[in-house]
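Raw contents of coords.csv, CSV, C-alpha atoms and all ligand atoms:
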chain,number,residue,atom,x,y,z
N,1,MET,CA,0.0,0.0,0.0
N,2,ASN,CA,1.4,3.4,-0.9
N,3,ARG,CA,1.4,5.4,2.4
N,4,SER,CA,3.7,8.2,1.3
N,5,PHE,CA,2.4,11.7,1.3
N,6,ASP,CA,0.2,11.9,-1.8
N,7,ALA,CA,-3.1,13.3,-2.9
N,8,ASP,CA,-5.0,10.1,-2.5
N,9,ARG,CA,-3.9,9.2,1.0
N,10,HIS,CA,-5.5,12.2,2.6
N,11,LEU,CA,-8.4,14.3,1.4
N,12,LEU,CA,-7.3,17.9,1.5
N,13,ASP,CA,-9.1,19.5,-1.5
N,14,LEU,CA,-11.2,18.8,-4.5
N,15,ALA,CA,-8.8,20.7,-6.8
N,16,GLY,CA,-6.7,18.1,-8.5
N,17,MET,CA,-9.1,15.2,-7.7
N,18,SER,CA,-9.7,13.3,-10.9
N,19,ARG,CA,-13.3,13.1,-12.3
N,20,GLU,CA,-13.0,9.3,-12.1
N,21,ARG,CA,-12.2,9.3,-8.4
N,22,MET,CA,-14.9,11.9,-7.7
N,23,GLU,CA,-17.5,9.8,-9.5
N,24,LEU,CA,-16.5,6.7,-7.6
N,25,LEU,CA,-16.8,8.5,-4.2
N,26,LEU,CA,-20.2,10.0,-5.3
N,27,GLY,CA,-21.5,6.6,-6.4
N,28,ARG,CA,-20.5,5.0,-3.1
N,29,ALA,CA,-22.0,7.9,-1.1
N,30,ASP,CA,-25.2,7.6,-3.1
N,31,HIS,CA,-25.4,4.0,-2.2
N,32,PHE,CA,-25.2,4.9,1.5
N,33,ALA,CA,-27.6,7.8,1.1
N,34,ARG,CA,-30.2,5.3,-0.3
N,35,GLY,CA,-29.9,3.1,2.7
N,36,GLY,CA,-27.2,0.7,1.4
N,37,ALA,CA,-25.5,-1.4,4.1
N,38,VAL,CA,-22.5,0.2,5.8
N,39,PRO,CA,-19.7,-2.3,6.3
N,40,ARG,CA,-17.7,-2.3,9.6
N,41,ALA,CA,-14.7,-1.3,7.6
N,42,LEU,CA,-13.2,0.8,10.4
N,43,ASP,CA,-13.6,-1.8,13.1
N,44,GLY,CA,-10.9,-1.1,15.7
N,45,VAL,CA,-9.6,2.0,13.9
N,46,ALA,CA,-9.4,5.2,16.1
N,47,VAL,CA,-10.5,8.5,14.5
N,48,CYS,CA,-10.2,11.9,16.1
N,49,ASN,CA,-12.3,14.9,15.2
N,50,LEU,CA,-9.8,17.7,15.6
N,51,PHE,CA,-11.9,20.9,15.3
N,52,PHE,CA,-10.1,24.2,16.0
N,53,GLU,CA,-13.1,26.1,14.7
N,54,PRO,CA,-16.8,25.8,15.6
N,55,SER,CA,-19.0,23.3,13.7
N,56,THR,CA,-22.3,21.6,14.0
N,57,ARG,CA,-23.2,19.5,10.9
N,58,THR,CA,-19.6,18.7,9.7
N,59,ARG,CA,-18.3,17.6,13.1
N,60,LEU,CA,-21.4,15.6,14.1
N,61,SER,CA,-21.8,14.0,10.7
N,62,PHE,CA,-18.2,12.9,10.6
N,63,GLN,CA,-18.7,11.4,14.1
N,64,LEU,CA,-21.8,9.5,13.0
N,65,ALA,CA,-20.1,8.3,9.8
N,66,ALA,CA,-17.1,7.0,11.7
N,67,GLN,CA,-19.3,5.3,14.3
N,68,ARG,CA,-21.4,3.6,11.6
N,69,LEU,CA,-18.2,2.2,10.1
N,70,GLY,CA,-17.3,0.7,13.5
N,71,ALA,CA,-14.5,3.2,14.4
N,72,HIS,CA,-13.6,4.4,17.9
N,73,VAL,CA,-14.3,8.1,17.7
N,74,LEU,CA,-12.6,10.7,19.8
N,75,GLY,CA,-13.9,14.3,20.0
N,76,PHE,CA,-11.5,17.1,20.6
N,77,ASP,CA,-12.7,20.3,22.2
N,78,VAL,CA,-10.1,23.0,21.9
N,79,SER,CA,-11.4,24.9,24.9
N,80,SER,CA,-11.0,22.0,27.3
N,81,SER,CA,-7.8,20.5,25.8
N,82,SER,CA,-4.1,21.4,26.1
N,83,ALA,CA,-4.4,23.4,22.9
N,84,SER,CA,-5.8,26.1,25.2
N,85,LYS,CA,-2.5,25.9,27.1
N,86,GLY,CA,-0.6,26.7,24.0
N,87,GLU,CA,0.2,23.2,22.8
N,88,THR,CA,1.0,23.3,19.1
N,89,ASP,CA,-1.2,21.6,16.5
N,90,LEU,CA,1.7,19.3,15.5
N,91,ASP,CA,2.3,18.3,19.1
N,92,THR,CA,-1.4,17.6,19.5
N,93,LEU,CA,-1.4,15.5,16.3
N,94,ARG,CA,1.7,13.6,17.5
N,95,THR,CA,0.3,13.0,20.9
N,96,LEU,CA,-2.9,11.4,19.5
N,97,GLU,CA,-0.8,9.4,17.0
N,98,ALA,CA,1.1,8.0,19.9
N,99,MET,CA,-2.2,6.8,21.3
N,100,GLY,CA,-2.8,4.9,18.1
N,101,VAL,CA,-5.2,7.3,16.4
N,102,ARG,CA,-4.9,6.8,12.7
N,103,GLY,CA,-7.6,9.1,11.2
N,104,PHE,CA,-7.9,12.8,11.8
N,105,VAL,CA,-10.7,15.0,10.6
N,106,VAL,CA,-9.4,18.5,11.0
N,107,ARG,CA,-11.0,21.9,10.8
N,108,HIS,CA,-8.8,24.9,11.1
N,109,ARG,CA,-9.1,28.7,11.0
N,110,GLU,CA,-5.9,29.1,8.9
N,111,ASP,CA,-5.6,28.5,5.2
N,112,GLY,CA,-3.3,25.6,4.4
N,113,ALA,CA,-3.1,24.4,8.1
N,114,VAL,CA,-4.5,20.9,7.3
N,115,ARG,CA,-2.1,20.4,4.4
N,116,ALA,CA,0.8,21.5,6.6
N,117,LEU,CA,-0.1,19.0,9.3
N,118,ALA,CA,-0.5,16.3,6.6
N,119,GLY,CA,3.0,17.0,5.5
N,120,ARG,CA,4.3,16.3,9.0
N,121,ALA,CA,2.0,13.4,9.9
N,122,GLY,CA,3.2,9.8,10.5
N,123,ALA,CA,3.5,7.4,7.6
N,124,ASP,CA,0.3,5.6,8.6
N,125,THR,CA,-1.8,8.7,9.4
N,126,VAL,CA,-4.7,9.9,7.3
N,127,LEU,CA,-6.1,13.4,7.4
N,128,VAL,CA,-9.4,14.7,6.1
N,129,ASN,CA,-9.8,18.4,5.7
N,130,ALA,CA,-13.1,19.5,7.3
N,131,GLY,CA,-12.6,23.1,6.3
N,132,ASP,CA,-9.5,25.3,6.5
N,133,GLY,CA,-9.8,29.1,6.4
N,134,ARG,CA,-11.3,30.2,3.2
N,135,SER,CA,-9.4,27.6,1.2
N,136,ALA,CA,-11.2,24.2,1.0
N,137,HIS,CA,-13.9,22.0,2.4
N,138,PRO,CA,-13.8,18.9,0.2
N,139,THR,CA,-16.5,16.8,1.9
N,140,GLN,CA,-18.9,19.8,1.6
N,141,GLY,CA,-18.1,20.0,-2.1
N,142,LEU,CA,-18.8,16.2,-2.5
N,143,LEU,CA,-22.1,16.4,-0.6
N,144,ASP,CA,-23.1,19.3,-2.7
N,145,MET,CA,-22.3,17.5,-5.9
N,146,LEU,CA,-24.2,14.4,-4.6
N,147,THR,CA,-27.2,16.5,-3.8
N,148,LEU,CA,-27.2,18.0,-7.2
N,149,ARG,CA,-26.9,14.7,-9.0
N,150,GLN,CA,-29.8,13.3,-7.0
N,151,ALA,CA,-31.9,16.3,-7.8
N,152,LYS,CA,-31.0,16.7,-11.4
N,153,GLY,CA,-29.6,13.4,-12.7
N,154,PRO,CA,-26.0,12.3,-13.1
N,155,ASP,CA,-25.1,14.4,-16.1
N,156,LEU,CA,-24.6,17.9,-14.7
N,157,ALA,CA,-22.9,19.3,-17.8
N,158,ARG,CA,-26.1,21.1,-19.1
N,159,LEU,CA,-27.1,22.7,-15.8
N,160,LYS,CA,-27.1,26.4,-15.2
N,161,VAL,CA,-25.7,27.0,-11.8
N,162,LEU,CA,-25.7,30.2,-9.9
N,163,VAL,CA,-23.5,30.8,-6.8
N,164,VAL,CA,-24.6,33.8,-4.8
N,165,GLY,CA,-23.1,35.7,-1.9
N,166,ASP,CA,-19.8,35.9,0.1
N,167,VAL,CA,-17.6,34.0,-2.4
N,168,ARG,CA,-14.6,35.9,-1.2
N,169,HIS,CA,-14.5,34.3,2.3
N,170,SER,CA,-16.1,31.0,1.4
N,171,ARG,CA,-14.2,27.7,1.3
N,172,VAL,CA,-17.4,26.1,0.3
N,173,ALA,CA,-17.7,28.3,-2.8
N,174,ARG,CA,-14.1,27.5,-3.8
N,175,THR,CA,-14.6,23.8,-3.4
N,176,ASP,CA,-18.0,23.7,-5.1
N,177,LEU,CA,-16.6,25.6,-8.1
N,178,ASP,CA,-13.8,23.0,-8.3
N,179,GLY,CA,-16.4,20.2,-8.1
N,180,LEU,CA,-18.7,21.7,-10.7
N,181,ARG,CA,-15.8,22.3,-13.2
N,182,THR,CA,-14.5,18.7,-12.6
N,183,LEU,CA,-18.0,17.3,-13.4
N,184,GLY,CA,-18.2,19.3,-16.6
N,185,VAL,CA,-20.7,22.1,-15.7
N,186,GLU,CA,-20.1,24.9,-18.2
N,187,ASP,CA,-22.7,27.5,-17.3
N,188,ILE,CA,-21.6,28.8,-13.8
N,189,ARG,CA,-22.7,32.2,-12.8
N,190,VAL,CA,-21.5,34.1,-9.7
N,191,CYS,CA,-23.4,37.0,-8.2
N,192,ALA,CA,-22.0,39.0,-5.2
N,193,PRO,CA,-21.3,42.6,-4.1
N,194,ALA,CA,-17.9,43.6,-5.6
N,195,GLU,CA,-16.3,43.6,-2.2
N,196,LEU,CA,-17.3,40.0,-1.7
N,197,LEU,CA,-15.9,38.7,-5.0
N,198,PRO,CA,-12.7,36.6,-4.7
N,199,GLU,CA,-9.4,36.8,-6.5
N,200,PRO,CA,-9.9,36.2,-10.2
N,201,GLU,CA,-8.3,32.7,-10.3
N,202,VAL,CA,-11.2,31.4,-8.2
N,203,LEU,CA,-13.6,32.5,-10.9
N,204,ALA,CA,-12.0,30.7,-13.8
N,205,GLY,CA,-14.7,29.6,-16.2
N,206,CYS,CA,-17.5,31.5,-14.3
N,207,GLU,CA,-19.5,34.5,-15.5
N,208,VAL,CA,-19.9,37.3,-12.9
N,209,VAL,CA,-23.4,38.8,-13.2
N,210,PRO,CA,-23.8,41.9,-11.0
N,211,GLY,CA,-27.6,42.0,-10.2
N,212,LEU,CA,-29.3,39.0,-8.7
N,213,ASP,CA,-32.5,39.5,-10.8
N,214,ASP,CA,-30.4,39.2,-13.9
N,215,ALA,CA,-28.1,36.4,-12.6
N,216,ILE,CA,-31.0,34.1,-11.5
N,217,ARG,CA,-32.9,34.2,-14.8
N,218,GLY,CA,-33.3,30.6,-16.1
N,219,VAL,CA,-30.9,28.9,-13.7
N,220,ASP,CA,-31.5,25.4,-12.5
N,221,VAL,CA,-29.6,25.6,-9.3
N,222,VAL,CA,-29.0,28.5,-6.8
N,223,MET,CA,-26.2,27.9,-4.4
N,224,LEU,CA,-26.4,30.4,-1.5
N,225,LEU,CA,-23.5,31.2,0.8
N,226,ARG,CA,-23.4,32.4,4.3
N,227,LEU,CA,-22.1,35.9,5.0
N,228,GLN,CA,-18.8,34.8,6.8
N,229,ARG,CA,-18.8,37.7,9.2
N,230,GLU,CA,-16.1,36.1,11.4
N,231,ARG,CA,-13.7,36.3,8.4
N,232,MET,CA,-14.5,39.8,7.3
N,233,VAL,CA,-12.8,43.1,8.0
N,234,GLU,CA,-15.2,45.1,10.1
N,235,GLY,CA,-17.7,47.0,8.1
N,236,LEU,CA,-17.3,45.2,4.8
N,237,VAL,CA,-21.0,44.6,4.7
N,238,ARG,CA,-22.6,47.7,6.1
N,239,SER,CA,-26.2,46.6,6.4
N,240,LEU,CA,-27.7,43.2,6.6
N,241,ASP,CA,-31.0,44.6,5.4
N,242,GLY,CA,-29.3,46.2,2.5
N,243,TYR,CA,-27.6,42.9,1.6
N,244,HIS,CA,-30.9,41.1,1.8
N,245,ARG,CA,-32.6,43.6,-0.5
N,246,GLU,CA,-29.9,43.2,-3.1
N,247,TYR,CA,-28.7,39.6,-2.7
N,248,GLY,CA,-31.3,37.8,-0.6
N,249,LEU,CA,-33.3,35.0,-2.2
N,250,ASP,CA,-37.0,35.4,-1.8
N,251,ALA,CA,-40.0,33.8,-3.6
N,252,ARG,CA,-40.3,36.6,-6.1
N,253,ARG,CA,-36.7,36.2,-7.2
N,254,LEU,CA,-36.8,32.4,-7.2
N,255,ALA,CA,-39.7,32.6,-9.6
N,256,LEU,CA,-37.3,34.1,-12.2
N,257,ALA,CA,-35.2,30.8,-12.1
N,258,ALA,CA,-36.0,27.8,-14.3
N,259,PRO,CA,-39.1,25.8,-13.4
N,260,GLY,CA,-38.1,23.2,-10.8
N,261,ALA,CA,-35.0,25.1,-9.8
N,262,VAL,CA,-33.4,24.0,-6.6
N,263,VAL,CA,-31.9,26.0,-3.7
N,264,MET,CA,-28.9,25.0,-1.7
N,265,HIS,CA,-27.1,26.5,1.3
N,266,PRO,CA,-24.3,24.8,3.3
N,267,GLY,CA,-25.6,26.1,6.6
N,268,PRO,CA,-25.6,27.6,9.0
N,269,VAL,CA,-28.2,29.9,7.4
N,270,ASN,CA,-28.6,33.6,8.4
N,271,ARG,CA,-32.4,33.5,8.0
N,272,GLY,CA,-33.7,36.7,6.6
N,273,VAL,CA,-30.3,37.7,5.2
N,274,GLU,CA,-29.2,35.2,2.5
N,275,VAL,CA,-32.7,33.7,2.2
N,276,THR,CA,-36.2,34.1,3.5
N,277,ASP,CA,-37.8,31.5,5.7
N,278,GLU,CA,-40.4,30.8,3.0
N,279,VAL,CA,-37.7,29.8,0.5
N,280,ALA,CA,-35.4,28.0,3.0
N,281,ASP,CA,-38.2,25.9,4.2
N,282,GLY,CA,-40.1,25.6,0.9
N,283,PRO,CA,-40.4,22.9,-1.7
N,284,HIS,CA,-37.4,24.1,-3.8
N,285,SER,CA,-35.0,23.9,-0.8
N,286,LEU,CA,-32.5,21.1,-0.6
N,287,ILE,CA,-30.8,22.3,2.6
N,288,LEU,CA,-31.8,19.4,4.8
N,289,ARG,CA,-31.1,16.9,1.9
N,290,GLN,CA,-27.5,18.4,1.9
N,291,VAL,CA,-27.2,17.6,5.6
N,292,ALA,CA,-28.4,14.1,5.1
N,293,ASN,CA,-26.0,13.5,2.3
N,294,GLY,CA,-23.2,14.8,4.5
N,295,VAL,CA,-23.3,11.6,6.5
N,296,ALA,CA,-23.3,9.4,3.4
N,297,VAL,CA,-20.4,11.3,1.8
N,298,ARG,CA,-18.4,11.1,5.0
N,299,ILE,CA,-19.0,7.4,5.3
N,300,ALA,CA,-17.7,6.9,1.7
N,301,VAL,CA,-14.7,9.1,2.3
N,302,LEU,CA,-13.6,7.5,5.6
N,303,GLU,CA,-14.2,4.0,4.1
N,304,ALA,CA,-12.0,4.8,1.1
N,305,LEU,CA,-9.2,6.4,3.1
N,306,LEU,CA,-9.2,4.2,6.2
N,307,GLY,CA,-11.0,1.1,5.3
N,308,GLY,CA,-7.9,-0.7,4.0
N,309,PRO,CA,-7.3,-2.1,0.5
N,310,GLN,CA,-10.5,-4.2,0.6
N,311,ALA,CA,-12.6,-1.0,0.7
N,312,PRO,CA,-14.1,-0.1,-2.6
N,313,HIS,CA,-12.0,2.7,-4.1
N,314,GLY,CA,-9.6,2.6,-1.2
N,315,VAL,CA,-6.0,3.7,-1.6
N,316,ALA,CA,-4.5,0.4,-2.6
J,401,LIG,C1,-19.6,25.8,6.1
J,401,LIG,C2,-18.2,26.0,6.6
J,401,LIG,O1,-17.9,25.9,7.8
J,401,LIG,O2,-17.3,26.2,5.8
J,401,LIG,N1,-20.4,25.2,7.0
J,401,LIG,C3,-20.5,23.8,6.9
J,401,LIG,O3,-19.5,23.1,7.0
J,401,LIG,N2,-21.7,23.3,6.5
J,401,LIG,C4,-20.1,27.1,5.6
J,401,LIG,C5,-20.3,28.2,6.6
J,401,LIG,O4,-19.8,28.2,7.7
J,401,LIG,O5,-20.8,29.2,6.1

Translate this file's structure into structure tokens.
Ligand code: NCD
Amino acid sequence: MNRSFDADRHLLDLAGMSRERMELLLGRADHFARGGAVPRALDGVAVCNLFFEPSTRTRLSFQLAAQRLGAHVLGFDVSSSSASKGETDLDTLRTLEAMGVRGFVVRHREDGAVRALAGRAGADTVLVNAGDGRSAHPTQGLLDMLTLRQAKGPDLARLKVLVVGDVRHSRVARTDLDGLRTLGVEDIRVCAPAELLPEPEVLAGCEVVPGLDDAIRGVDVVMLLRLQRERMVEGLVRSLDGYHREYGLDARRLALAAPGAVVMHPGPVNRGVEVTDEVADGPHSLILRQVANGVAVRIAVLEALLGGPQAPHGVA
């Protein structure tokens, strides 16, 4: 088994993942999402959720996924651990490795922090990036692609997809755009206030459409993003009401999209800011389907990375 540092041993990003590997993971996740039996592929394997940033759905769905595969799951609460006494991330990782923990699901405030840890990890250790800074959130990207395929069929190439909101601070947007491009989506529109647009490389292949009423016309999918106020320079968005008026999704605007259009949001939702209650809880919303698919995707990822060579699509 190749256990050197390579792209397939860990899951750090969707950029650079082949379409074939993505499709295999999505296929396996779809099987679990439809109630397919979950093998005890991680029986006896210890997995730690190392979250240096808050999380509800990502942390708990990784926990559930690892438990369903039979793993021993350790939670790590920064505030009650020695990290709060200044222990470095690397010492924390090495301490847990010394206890025999093999899998680490890591969320971190800093861009590149998970990749840096992966570069220093032991030869048998596997890291999964559960979101680093504004850079990447690969399992969110996979669960969003799975949700889209379930709603719209496996061939996404013809879809018109609109990404709305705080793209600049969003690791979800960066990762979703990587996923959409890898799966062949050609019509990708982005709509955001100028100050929330990212660096141009992120928008490769996308059309930036300034007004939401124009951008949403005829689209099949609206992917909303949370205003990431914790990552913003103070005052970047002056008024939440103003943001809602210009970029919030309500029923009137949704009616401009294609018939049967679907609405996605990674959560947590700022209700009344990115989206109205009526739309978030309405028949076009896939928000809770995304959450459900999160568990299935994380089972597929942990199985592939930690389930040994017998796991379907594992790193043989
Ligand atoms: C996202 C995250 O943390 O990147 N949440 C999530 O994992 N579902 C998006 C967000 O916080 O806005």

Residues near stretch 245-256 of chain N, cut-off 8 Å, all atoms listed in the file, skip fewer than 6 positions along chain, as JSON, numbers by chain: {"N": [164, 165, 192, 211, 212, 213, 216, 217, 218, 272, 273, 274, 275, 276, 278, 279]}

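Between atom C2 of ligand LIG 401 (chain J) and atom CA of N:Ala41 lies a distance of 27.5 Å.
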
Around ligand LIG 401 (chain J), which protein and nucleic acid residues have at least one atom no more than 10 Å from it, if we count all atoms listed in the file? List them as a PyMOL selection string. chain N and resi 53-59+107-109+130-141+143+166+169-173+175+224-230+265-270+287+290-291+294

Selected residue, from N:Leu14, N:Leu240, N:Val295, N:Leu286, that lies nearest to N:Ala151 when counting all atoms listed in the file: N:Leu286

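Across the model, the gap from atom CA of N:Leu162 to atom CA of N:Glu201 is 17.6 Å.
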
Out of N:Arg271, N:Arg231, N:Arg298, N:Arg102, which residue has the shortest atom-to-atom distance to N:Asn129 when counting only C-alpha atoms? N:Arg298

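Of the residues listed (N:Val237, N:Met223, N:Ala123, N:Ala33), N:Ala33 shows the shortest atom-to-atom separation from N:Arg289; distances use all atoms listed in the file.
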
Residue neighbourhood N:Ser18, 12 Å, only C-alpha atoms, exclusion window fewer than 5 positions, as a ChimeraX atom specification: /N:7-8,13,23-25,178-179,181-184

Just write the chosen residues, C-alpha atoms, as a PDB file, keeping the file's coordinate frame.
ATOM      1  CA  ALA N   7      -3.100  13.300  -2.900  1.00  0.00           C
ATOM      2  CA  ASP N   8      -5.000  10.100  -2.500  1.00  0.00           C
ATOM      3  CA  ASP N  13      -9.100  19.500  -1.500  1.00  0.00           C
ATOM      4  CA  GLU N  23     -17.500   9.800  -9.500  1.00  0.00           C
ATOM      5  CA  LEU N  24     -16.500   6.700  -7.600  1.00  0.00           C
ATOM      6  CA  LEU N  25     -16.800   8.500  -4.200  1.00  0.00           C
ATOM      7  CA  ASP N 178     -13.800  23.000  -8.300  1.00  0.00           C
ATOM      8  CA  GLY N 179     -16.400  20.200  -8.100  1.00  0.00           C
ATOM      9  CA  ARG N 181     -15.800  22.300 -13.200  1.00  0.00           C
ATOM     10  CA  THR N 182     -14.500  18.700 -12.600  1.00  0.00           C
ATOM     11  CA  LEU N 183     -18.000  17.300 -13.400  1.00  0.00           C
ATOM     12  CA  GLY N 184     -18.200  19.300 -16.600  1.00  0.00           C
TER      13      GLY N 184
END

Could you give me, as CSV, every stretch 92-149 of chain N residue with an atom at most 12 Å from stretch 67-79 of chain N, plus its closest atom pair and distance in Å to one decimal, counting all atoms listed in the file, rows ordered by chain then number?
residue,atom,partner,partner_atom,distance
N:Thr92,CA,N:Phe76,CA,10.2
N:Leu93,CA,N:Phe76,CA,11.1
N:Leu96,CA,N:Leu74,CA,9.7
N:Met99,CA,N:Leu74,CA,11.2
N:Gly100,CA,N:His72,CA,10.8
N:Val101,CA,N:Leu74,CA,8.8
N:Arg102,CA,N:Ala71,CA,10.4
N:Gly103,CA,N:Val73,CA,9.4
N:Phe104,CA,N:Leu74,CA,9.5
N:Val105,CA,N:Gly75,CA,10.0
N:Val106,CA,N:Phe76,CA,9.9
N:Arg107,CA,N:Phe76,CA,10.9
N:His108,CA,N:Val78,CA,11.0

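The two atoms in question, atom CA of N:Phe51 and atom CA of N:Ser84, are spaced 12.7 Å apart.
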
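Distances from N:Val47, N:Arg149, N:Leu236, N:Leu12 to N:Phe62 were compared using all atoms listed in the file, and the smallest one belongs to N:Val47.
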